[in-house]
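Worksheet: the structure to be examined is printed underneath.
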Amino acid sequence: MDDWKHDHLGNQIIILSNQVKHYLHQAAEVEGISGSQILHYISECSKKTEVYQKDVEEFFYLRRSTVTQTLQTMEKNGLIRRSSVARDARLKKLELTGAGQALEAQIHTRVMQMEQRLRESLTEEEITQFLSITDKLGAELTSLGAPEIKQACK
């Protein structure tokens, strides 16, 4: 019986999240990288403020070693560069290269296409309800001890 998965909200959220991640990773996998969300985060946040590895770790709730490996791969592939910061030699600012900007634009186009298709499959009322429900569930999970969702950029 396939209805068992519909009885568990958490399971449905995980399945839906995995579907979205799989779709988004396809554009990046063509280029042989992972971490398309990290690339987008660096692109968007570096327009407003300097971005450091610690920011990526905190925003995505990832271990330092995981972020280090992903950033090293992106750097090796010529997508990002780490630049020293005058005020603290230990800090390395993350910036997209031209190739990184081009790939991020390609991924962003794909994200917007997905977003449009998802929105077209729902009414405005359903979208409003969905966002309200996800906010409510997120607040409940936070009250149970899950990390609070952070704003994208400082």
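Chains: A, B, ... in order of the structure tokens. Residues: from 1 per chain. Ligands: from 1, in order shown.
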
Long-range neighbours of stretch 108-115 of chain A as a CSV table (one decimal) with N, CA, C and O atoms, in the first residue's frame, 8 Å cut-off, only C-alpha atoms, 2 positions minimum in chain:
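What ended up in selection12.csv:
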chain,number,residue,atom,x,y,z
A,24,LEU,N,17.5,20.7,-8.6
A,24,LEU,CA,18.5,21.8,-8.6
A,24,LEU,C,19.9,21.3,-8.8
A,24,LEU,O,20.7,22.0,-9.4
A,27,ALA,N,21.6,20.8,-12.7
A,27,ALA,CA,22.3,21.8,-13.5
A,27,ALA,C,23.8,21.9,-13.0
A,27,ALA,O,24.7,22.0,-13.9
A,40,HIS,N,24.9,29.9,-5.1
A,40,HIS,CA,23.9,30.9,-5.1
A,40,HIS,C,24.0,31.8,-3.9
A,40,HIS,O,23.9,33.0,-4.0
A,104,GLU,N,26.4,30.1,-11.9
A,104,GLU,CA,25.3,30.5,-11.0
A,104,GLU,C,24.1,31.0,-11.8
A,104,GLU,O,23.0,30.7,-11.5
A,105,ALA,N,24.4,31.8,-12.8
A,105,ALA,CA,23.3,32.3,-13.7
A,105,ALA,C,22.5,31.2,-14.3
A,105,ALA,O,21.3,31.2,-14.4
A,106,GLN,N,23.3,30.2,-14.8
A,106,GLN,CA,22.6,29.0,-15.4
A,106,GLN,C,21.7,28.3,-14.4
A,106,GLN,O,20.6,28.0,-14.7
A,117,ARG,N,7.0,26.7,-12.5
A,117,ARG,CA,6.2,25.4,-12.7
A,117,ARG,C,5.5,25.1,-11.4
A,117,ARG,O,4.3,24.7,-11.5
A,118,LEU,N,6.2,25.2,-10.3
A,118,LEU,CA,5.6,24.9,-9.0
A,118,LEU,C,4.4,25.8,-8.7
A,118,LEU,O,3.3,25.4,-8.3
A,119,ARG,N,4.6,27.1,-8.9
A,119,ARG,CA,3.6,28.1,-8.7
A,119,ARG,C,2.4,27.9,-9.6
A,119,ARG,O,1.3,28.1,-9.2

Expected answer as a tab-separated table (two decimals) with N, CA, C and O atoms, in the first residue's frame: helix (DSSP H, G or I) residues in chain A:
chain	number	residue	atom	x	y	z
A	2	ASP	N	0.69	2.15	-0.95
A	2	ASP	CA	1.52	3.34	-1.08
A	2	ASP	C	1.06	4.52	-0.25
A	2	ASP	O	1.71	5.55	-0.21
A	3	ASP	N	-0.07	4.41	0.43
A	3	ASP	CA	-0.60	5.53	1.21
A	3	ASP	C	0.13	5.77	2.52
A	3	ASP	O	-0.07	6.79	3.15
A	4	TRP	N	0.99	4.83	2.95
A	4	TRP	CA	1.67	4.99	4.24
A	4	TRP	C	2.46	6.28	4.33
A	4	TRP	O	2.52	6.90	5.37
A	5	LYS	N	3.08	6.70	3.22
A	5	LYS	CA	3.90	7.91	3.27
A	5	LYS	C	3.07	9.17	3.48
A	5	LYS	O	3.56	10.17	3.97
A	6	HIS	N	1.79	9.15	3.13
A	6	HIS	CA	0.93	10.32	3.29
A	6	HIS	C	0.47	10.52	4.73
A	6	HIS	O	-0.11	11.55	5.05
A	7	ASP	N	0.70	9.52	5.58
A	7	ASP	CA	0.28	9.62	6.97
A	7	ASP	C	1.30	10.36	7.85
A	7	ASP	O	1.02	10.64	9.00
A	9	LEU	N	3.75	13.66	8.13
A	9	LEU	CA	4.12	14.97	7.59
A	9	LEU	C	5.62	15.09	7.37
A	9	LEU	O	6.07	15.58	6.33
A	10	GLY	N	6.40	14.67	8.37
A	10	GLY	CA	7.86	14.77	8.25
A	10	GLY	C	8.39	14.02	7.05
A	10	GLY	O	9.26	14.50	6.32
A	11	ASN	N	7.84	12.83	6.80
A	11	ASN	CA	8.26	12.03	5.66
A	11	ASN	C	7.92	12.75	4.35
A	11	ASN	O	8.73	12.79	3.42
A	12	GLN	N	6.74	13.33	4.27
A	12	GLN	CA	6.34	14.06	3.06
A	12	GLN	C	7.26	15.26	2.82
A	12	GLN	O	7.62	15.55	1.68
A	13	ILE	N	7.62	15.96	3.89
A	13	ILE	CA	8.52	17.11	3.77
A	13	ILE	C	9.88	16.67	3.26
A	13	ILE	O	10.46	17.30	2.37
A	14	ILE	N	10.40	15.58	3.80
A	14	ILE	CA	11.70	15.07	3.36
A	14	ILE	C	11.65	14.67	1.88
A	14	ILE	O	12.56	14.99	1.11
A	15	ILE	N	10.60	13.97	1.49
A	15	ILE	CA	10.47	13.54	0.10
A	15	ILE	C	10.42	14.75	-0.84
A	15	ILE	O	11.13	14.80	-1.85
A	16	LEU	N	9.60	15.72	-0.50
A	16	LEU	CA	9.48	16.92	-1.33
A	16	LEU	C	10.81	17.68	-1.39
A	16	LEU	O	11.25	18.11	-2.46
A	17	SER	N	11.46	17.81	-0.25
A	17	SER	CA	12.76	18.48	-0.20
A	17	SER	C	13.79	17.76	-1.07
A	17	SER	O	14.54	18.39	-1.82
A	18	ASN	N	13.80	16.44	-1.01
A	18	ASN	CA	14.74	15.67	-1.83
A	18	ASN	C	14.45	15.84	-3.31
A	18	ASN	O	15.37	15.88	-4.13
A	19	GLN	N	13.18	15.92	-3.67
A	19	GLN	CA	12.83	16.14	-5.08
A	19	GLN	C	13.37	17.49	-5.56
A	19	GLN	O	13.92	17.59	-6.66
A	20	VAL	N	13.19	18.52	-4.76
A	20	VAL	CA	13.67	19.86	-5.13
A	20	VAL	C	15.19	19.84	-5.23
A	20	VAL	O	15.77	20.33	-6.21
A	21	LYS	N	15.87	19.27	-4.24
A	21	LYS	CA	17.34	19.21	-4.26
A	21	LYS	C	17.85	18.47	-5.48
A	21	LYS	O	18.79	18.91	-6.14
A	22	HIS	N	17.22	17.34	-5.79
A	22	HIS	CA	17.64	16.56	-6.95
A	22	HIS	C	17.52	17.38	-8.23
A	22	HIS	O	18.43	17.41	-9.06
A	23	TYR	N	16.40	18.06	-8.38
A	23	TYR	CA	16.20	18.89	-9.56
A	23	TYR	C	17.25	19.98	-9.66
A	23	TYR	O	17.84	20.21	-10.73
A	24	LEU	N	17.53	20.66	-8.56
A	24	LEU	CA	18.49	21.77	-8.57
A	24	LEU	C	19.93	21.30	-8.78
A	24	LEU	O	20.72	22.00	-9.41
A	25	HIS	N	20.26	20.14	-8.27
A	25	HIS	CA	21.62	19.64	-8.41
A	25	HIS	C	21.94	19.20	-9.84
A	25	HIS	O	23.10	19.15	-10.23
A	26	GLN	N	20.92	18.92	-10.63
A	26	GLN	CA	21.15	18.46	-12.00
A	26	GLN	C	21.95	19.48	-12.81
A	26	GLN	O	22.85	19.11	-13.55
A	27	ALA	N	21.63	20.75	-12.70
A	27	ALA	CA	22.35	21.78	-13.46
A	27	ALA	C	23.80	21.85	-13.03
A	27	ALA	O	24.70	21.98	-13.86
A	28	ALA	N	24.05	21.75	-11.73
A	28	ALA	CA	25.41	21.81	-11.24
A	28	ALA	C	26.20	20.55	-11.57
A	28	ALA	O	27.39	20.61	-11.87
A	29	GLU	N	25.54	19.40	-11.55
A	29	GLU	CA	26.23	18.14	-11.84
A	29	GLU	C	26.75	18.10	-13.25
A	29	GLU	O	27.77	17.46	-13.52
A	30	VAL	N	26.09	18.78	-14.16
A	30	VAL	CA	26.58	18.86	-15.54
A	30	VAL	C	27.99	19.43	-15.56
A	30	VAL	O	28.84	19.04	-16.34
A	36	SER	N	25.22	23.65	-5.37
A	36	SER	CA	24.68	24.76	-6.15
A	36	SER	C	24.04	25.81	-5.26
A	36	SER	O	24.10	27.01	-5.56
A	37	GLN	N	23.47	25.38	-4.11
A	37	GLN	CA	22.87	26.36	-3.20
A	37	GLN	C	23.95	27.24	-2.58
A	37	GLN	O	23.74	28.42	-2.34
A	38	ILE	N	25.12	26.65	-2.32
A	38	ILE	CA	26.23	27.43	-1.76
A	38	ILE	C	26.70	28.46	-2.78
A	38	ILE	O	26.96	29.61	-2.43
A	39	LEU	N	26.78	28.07	-4.03
A	39	LEU	CA	27.17	28.99	-5.08
A	39	LEU	C	26.20	30.16	-5.15
A	39	LEU	O	26.61	31.33	-5.22
A	40	HIS	N	24.91	29.87	-5.07
A	40	HIS	CA	23.89	30.92	-5.10
A	40	HIS	C	24.00	31.81	-3.86
A	40	HIS	O	23.89	33.03	-3.95
A	41	TYR	N	24.21	31.20	-2.71
A	41	TYR	CA	24.36	31.96	-1.46
A	41	TYR	C	25.52	32.96	-1.58
A	41	TYR	O	25.37	34.14	-1.25
A	42	ILE	N	26.66	32.48	-2.06
A	42	ILE	CA	27.82	33.37	-2.21
A	42	ILE	C	27.50	34.49	-3.19
A	42	ILE	O	27.82	35.65	-2.94
A	43	SER	N	26.85	34.16	-4.29
A	43	SER	CA	26.50	35.15	-5.30
A	43	SER	C	25.61	36.24	-4.72
A	43	SER	O	25.88	37.43	-4.88
A	44	GLU	N	24.54	35.84	-4.05
A	44	GLU	CA	23.58	36.82	-3.53
A	44	GLU	C	24.13	37.62	-2.36
A	44	GLU	O	23.97	38.83	-2.31
A	45	CYS	N	24.74	36.94	-1.42
A	45	CYS	CA	25.19	37.63	-0.21
A	45	CYS	C	26.41	38.51	-0.44
A	45	CYS	O	26.55	39.54	0.21
A	53	GLN	N	33.68	31.46	4.93
A	53	GLN	CA	33.30	30.07	5.09
A	53	GLN	C	32.39	29.87	6.28
A	53	GLN	O	31.42	29.13	6.21
A	54	LYS	N	32.66	30.55	7.37
A	54	LYS	CA	31.84	30.42	8.58
A	54	LYS	C	30.37	30.78	8.30
A	54	LYS	O	29.46	30.16	8.83
A	55	ASP	N	30.16	31.79	7.45
A	55	ASP	CA	28.78	32.18	7.08
A	55	ASP	C	28.07	31.03	6.39
A	55	ASP	O	26.89	30.76	6.66
A	56	VAL	N	28.76	30.36	5.49
A	56	VAL	CA	28.18	29.23	4.76
A	56	VAL	C	27.86	28.10	5.74
A	56	VAL	O	26.78	27.52	5.69
A	57	GLU	N	28.79	27.79	6.63
A	57	GLU	CA	28.59	26.73	7.62
A	57	GLU	C	27.34	27.01	8.46
A	57	GLU	O	26.51	26.12	8.66
A	58	GLU	N	27.22	28.24	8.94
A	58	GLU	CA	26.11	28.60	9.82
A	58	GLU	C	24.77	28.63	9.08
A	58	GLU	O	23.76	28.17	9.60
A	59	PHE	N	24.76	29.17	7.87
A	59	PHE	CA	23.49	29.29	7.15
A	59	PHE	C	22.92	27.92	6.77
A	59	PHE	O	21.72	27.68	6.89
A	60	PHE	N	23.80	27.02	6.31
A	60	PHE	CA	23.33	25.72	5.84
A	60	PHE	C	23.40	24.63	6.90
A	60	PHE	O	23.05	23.48	6.64
A	64	ARG	N	32.17	22.06	9.31
A	64	ARG	CA	33.29	22.78	8.70
A	64	ARG	C	33.96	21.93	7.62
A	64	ARG	O	34.28	22.41	6.53
A	65	SER	N	34.17	20.64	7.92
A	65	SER	CA	34.85	19.77	6.96
A	65	SER	C	34.06	19.62	5.65
A	65	SER	O	34.65	19.59	4.57
A	66	THR	N	32.76	19.56	5.75
A	66	THR	CA	31.90	19.44	4.56
A	66	THR	C	32.01	20.70	3.70
A	66	THR	O	32.18	20.62	2.47
A	67	VAL	N	31.94	21.86	4.34
A	67	VAL	CA	32.03	23.12	3.60
A	67	VAL	C	33.43	23.29	3.01
A	67	VAL	O	33.58	23.71	1.86
A	68	THR	N	34.45	22.95	3.78
A	68	THR	CA	35.83	23.04	3.29
A	68	THR	C	35.99	22.23	2.02
A	68	THR	O	36.53	22.72	1.02
A	69	GLN	N	35.51	20.99	2.04
A	69	GLN	CA	35.64	20.12	0.87
A	69	GLN	C	34.90	20.70	-0.35
A	69	GLN	O	35.43	20.73	-1.46
A	70	THR	N	33.68	21.17	-0.13
A	70	THR	CA	32.89	21.74	-1.23
A	70	THR	C	33.56	22.98	-1.79
A	70	THR	O	33.68	23.14	-3.02
A	71	LEU	N	34.03	23.87	-0.91
A	71	LEU	CA	34.68	25.10	-1.38
A	71	LEU	C	36.00	24.80	-2.09
A	71	LEU	O	36.32	25.45	-3.08
A	72	GLN	N	36.74	23.81	-1.61
A	72	GLN	CA	37.99	23.44	-2.28
A	72	GLN	C	37.72	22.93	-3.69
A	72	GLN	O	38.45	23.27	-4.63
A	73	THR	N	36.65	22.15	-3.83
A	73	THR	CA	36.28	21.65	-5.17
A	73	THR	C	35.89	22.81	-6.08
A	73	THR	O	36.30	22.88	-7.24
A	74	MET	N	35.10	23.74	-5.54
A	74	MET	CA	34.68	24.91	-6.33
A	74	MET	C	35.89	25.75	-6.72
A	74	MET	O	35.96	26.25	-7.85
A	75	GLU	N	36.82	25.90	-5.81
A	75	GLU	CA	38.03	26.68	-6.09
A	75	GLU	C	38.87	25.97	-7.16
A	75	GLU	O	39.35	26.61	-8.10
A	76	LYS	N	39.03	24.67	-7.02
A	76	LYS	CA	39.79	23.88	-8.00
A	76	LYS	C	39.16	23.96	-9.38
A	76	LYS	O	39.86	24.01	-10.40
A	98	GLY	N	34.46	34.65	-12.78
A	98	GLY	CA	33.60	34.80	-13.96
A	98	GLY	C	32.90	33.49	-14.30
A	98	GLY	O	31.70	33.47	-14.60
A	99	ALA	N	33.64	32.38	-14.21
A	99	ALA	CA	33.06	31.07	-14.49
A	99	ALA	C	32.00	30.73	-13.45
A	99	ALA	O	30.95	30.15	-13.77
A	100	GLY	N	32.25	31.09	-12.21
A	100	GLY	CA	31.28	30.85	-11.14
A	100	GLY	C	30.02	31.65	-11.35
A	100	GLY	O	28.90	31.16	-11.13
A	101	GLN	N	30.18	32.90	-11.78
A	101	GLN	CA	29.02	33.75	-12.05
A	101	GLN	C	28.19	33.18	-13.20
A	101	GLN	O	26.96	33.18	-13.15
A	102	ALA	N	28.87	32.69	-14.23
A	102	ALA	CA	28.16	32.12	-15.38
A	102	ALA	C	27.38	30.86	-14.98
A	102	ALA	O	26.21	30.70	-15.36
A	103	LEU	N	28.01	29.99	-14.19
A	103	LEU	CA	27.33	28.78	-13.75
A	103	LEU	C	26.18	29.12	-12.83
A	103	LEU	O	25.09	28.55	-12.95
A	104	GLU	N	26.38	30.07	-11.92
A	104	GLU	CA	25.31	30.47	-11.01
A	104	GLU	C	24.13	31.02	-11.79
A	104	GLU	O	22.98	30.73	-11.47
A	105	ALA	N	24.39	31.79	-12.84
A	105	ALA	CA	23.31	32.33	-13.67
A	105	ALA	C	22.54	31.20	-14.34
A	105	ALA	O	21.30	31.23	-14.42
A	106	GLN	N	23.25	30.19	-14.80
A	106	GLN	CA	22.62	29.03	-15.43
A	106	GLN	C	21.74	28.30	-14.41
A	106	GLN	O	20.59	27.95	-14.70
A	107	ILE	N	22.27	28.09	-13.22
A	107	ILE	CA	21.52	27.41	-12.17
A	107	ILE	C	20.31	28.26	-11.76
A	107	ILE	O	19.21	27.74	-11.58
A	108	HIS	N	20.52	29.57	-11.65
A	108	HIS	CA	19.43	30.47	-11.25
A	108	HIS	C	18.29	30.40	-12.26
A	108	HIS	O	17.11	30.39	-11.88
A	109	THR	N	18.61	30.35	-13.53
A	109	THR	CA	17.58	30.22	-14.57
A	109	THR	C	16.77	28.95	-14.34
A	109	THR	O	15.54	28.95	-14.40
A	110	ARG	N	17.47	27.88	-14.04
A	110	ARG	CA	16.79	26.60	-13.81
A	110	ARG	C	15.91	26.66	-12.55
A	110	ARG	O	14.80	26.14	-12.53
A	111	VAL	N	16.41	27.32	-11.51
A	111	VAL	CA	15.64	27.48	-10.28
A	111	VAL	C	14.37	28.26	-10.56
A	111	VAL	O	13.28	27.90	-10.10
A	112	MET	N	14.47	29.34	-11.32
A	112	MET	CA	13.31	30.16	-11.62
A	112	MET	C	12.30	29.40	-12.48
A	112	MET	O	11.09	29.57	-12.32
A	113	GLN	N	12.78	28.55	-13.39
A	113	GLN	CA	11.88	27.73	-14.18
A	113	GLN	C	11.12	26.75	-13.29
A	113	GLN	O	9.91	26.57	-13.45
A	114	MET	N	11.85	26.14	-12.34
A	114	MET	CA	11.20	25.22	-11.41
A	114	MET	C	10.18	25.97	-10.57
A	114	MET	O	9.05	25.51	-10.39
A	115	GLU	N	10.57	27.13	-10.05
A	115	GLU	CA	9.67	27.94	-9.22
A	115	GLU	C	8.39	28.29	-9.98
A	115	GLU	O	7.29	28.18	-9.44
A	116	GLN	N	8.54	28.68	-11.24
A	116	GLN	CA	7.37	29.02	-12.05
A	116	GLN	C	6.46	27.81	-12.23
A	116	GLN	O	5.24	27.92	-12.09
A	117	ARG	N	7.05	26.66	-12.53
A	117	ARG	CA	6.23	25.44	-12.71
A	117	ARG	C	5.51	25.07	-11.43
A	117	ARG	O	4.34	24.69	-11.46
A	118	LEU	N	6.19	25.18	-10.29
A	118	LEU	CA	5.55	24.85	-9.01
A	118	LEU	C	4.40	25.81	-8.73
A	118	LEU	O	3.31	25.39	-8.33
A	119	ARG	N	4.63	27.11	-8.95
A	119	ARG	CA	3.59	28.10	-8.70
A	119	ARG	C	2.40	27.91	-9.64
A	119	ARG	O	1.26	28.11	-9.23
A	120	GLU	N	2.66	27.53	-10.88
A	120	GLU	CA	1.57	27.31	-11.84
A	120	GLU	C	0.70	26.12	-11.44
A	120	GLU	O	-0.45	26.03	-11.85
A	124	GLU	N	-3.26	30.87	-6.01
A	124	GLU	CA	-2.67	31.85	-5.09
A	124	GLU	C	-3.04	31.52	-3.65
A	124	GLU	O	-2.23	31.66	-2.74
A	125	GLU	N	-4.27	31.09	-3.45
A	125	GLU	CA	-4.72	30.71	-2.10
A	125	GLU	C	-3.91	29.52	-1.57
A	125	GLU	O	-3.50	29.50	-0.41
A	126	GLU	N	-3.66	28.54	-2.43
A	126	GLU	CA	-2.87	27.37	-2.01
A	126	GLU	C	-1.43	27.76	-1.69
A	126	GLU	O	-0.85	27.24	-0.72
A	127	ILE	N	-0.87	28.68	-2.47
A	127	ILE	CA	0.49	29.15	-2.20
A	127	ILE	C	0.55	29.84	-0.85
A	127	ILE	O	1.43	29.57	-0.02
A	128	THR	N	-0.42	30.72	-0.59
A	128	THR	CA	-0.48	31.42	0.69
A	128	THR	C	-0.63	30.42	1.83
A	128	THR	O	0.06	30.53	2.86
A	129	GLN	N	-1.50	29.45	1.67
A	129	GLN	CA	-1.70	28.42	2.69
A	129	GLN	C	-0.42	27.62	2.92
A	129	GLN	O	-0.03	27.36	4.05
A	130	PHE	N	0.21	27.21	1.83
A	130	PHE	CA	1.43	26.41	1.93
A	130	PHE	C	2.51	27.17	2.70
A	130	PHE	O	3.14	26.61	3.61
A	131	LEU	N	2.73	28.43	2.35
A	131	LEU	CA	3.75	29.22	3.03
A	131	LEU	C	3.41	29.42	4.50
A	131	LEU	O	4.29	29.38	5.36
A	132	SER	N	2.14	29.62	4.80
A	132	SER	CA	1.70	29.76	6.19
A	132	SER	C	1.95	28.47	6.96
A	132	SER	O	2.44	28.50	8.10
A	133	ILE	N	1.65	27.35	6.35
A	133	ILE	CA	1.84	26.06	6.99
A	133	ILE	C	3.32	25.78	7.22
A	133	ILE	O	3.72	25.32	8.30
A	134	THR	N	4.16	26.05	6.22
A	134	THR	CA	5.59	25.79	6.41
A	134	THR	C	6.17	26.69	7.51
A	134	THR	O	7.01	26.24	8.28
A	135	ASP	N	5.71	27.94	7.59
A	135	ASP	CA	6.15	28.83	8.67
A	135	ASP	C	5.74	28.25	10.03
A	135	ASP	O	6.52	28.24	10.98
A	136	LYS	N	4.52	27.79	10.11
A	136	LYS	CA	3.99	27.25	11.37
A	136	LYS	C	4.76	25.99	11.78
A	136	LYS	O	5.13	25.82	12.94
A	137	LEU	N	4.99	25.09	10.82
A	137	LEU	CA	5.74	23.87	11.12
A	137	LEU	C	7.18	24.19	11.50
A	137	LEU	O	7.75	23.56	12.41
A	138	GLY	N	7.78	25.17	10.82
A	138	GLY	CA	9.15	25.58	11.15
A	138	GLY	C	9.24	26.12	12.57
A	138	GLY	O	10.18	25.80	13.31
A	139	ALA	N	8.27	26.92	12.97
A	139	ALA	CA	8.25	27.47	14.32
A	139	ALA	C	8.08	26.35	15.35
A	139	ALA	O	8.72	26.37	16.41
A	140	GLU	N	7.24	25.37	15.04
A	140	GLU	CA	7.04	24.24	15.96
A	140	GLU	C	8.32	23.42	16.09
A	140	GLU	O	8.70	23.02	17.19
A	141	LEU	N	9.00	23.18	14.98
A	141	LEU	CA	10.25	22.43	15.04
A	141	LEU	C	11.31	23.19	15.84
A	141	LEU	O	12.06	22.60	16.60
A	142	THR	N	11.34	24.51	15.67
A	142	THR	CA	12.28	25.33	16.45
A	142	THR	C	11.97	25.21	17.94
A	142	THR	O	12.88	25.07	18.76
A	143	SER	N	10.69	25.22	18.30
A	143	SER	CA	10.31	25.09	19.71
A	143	SER	C	10.69	23.72	20.26
A	143	SER	O	10.86	23.56	21.47

So, with only C-alpha atoms as the atoms that count, which of A:Leu122, A:Gly78, A:Pro147, A:Ala89 lies closest to A:Leu62?
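Under the stated criterion, the closest residue is A:Pro147.
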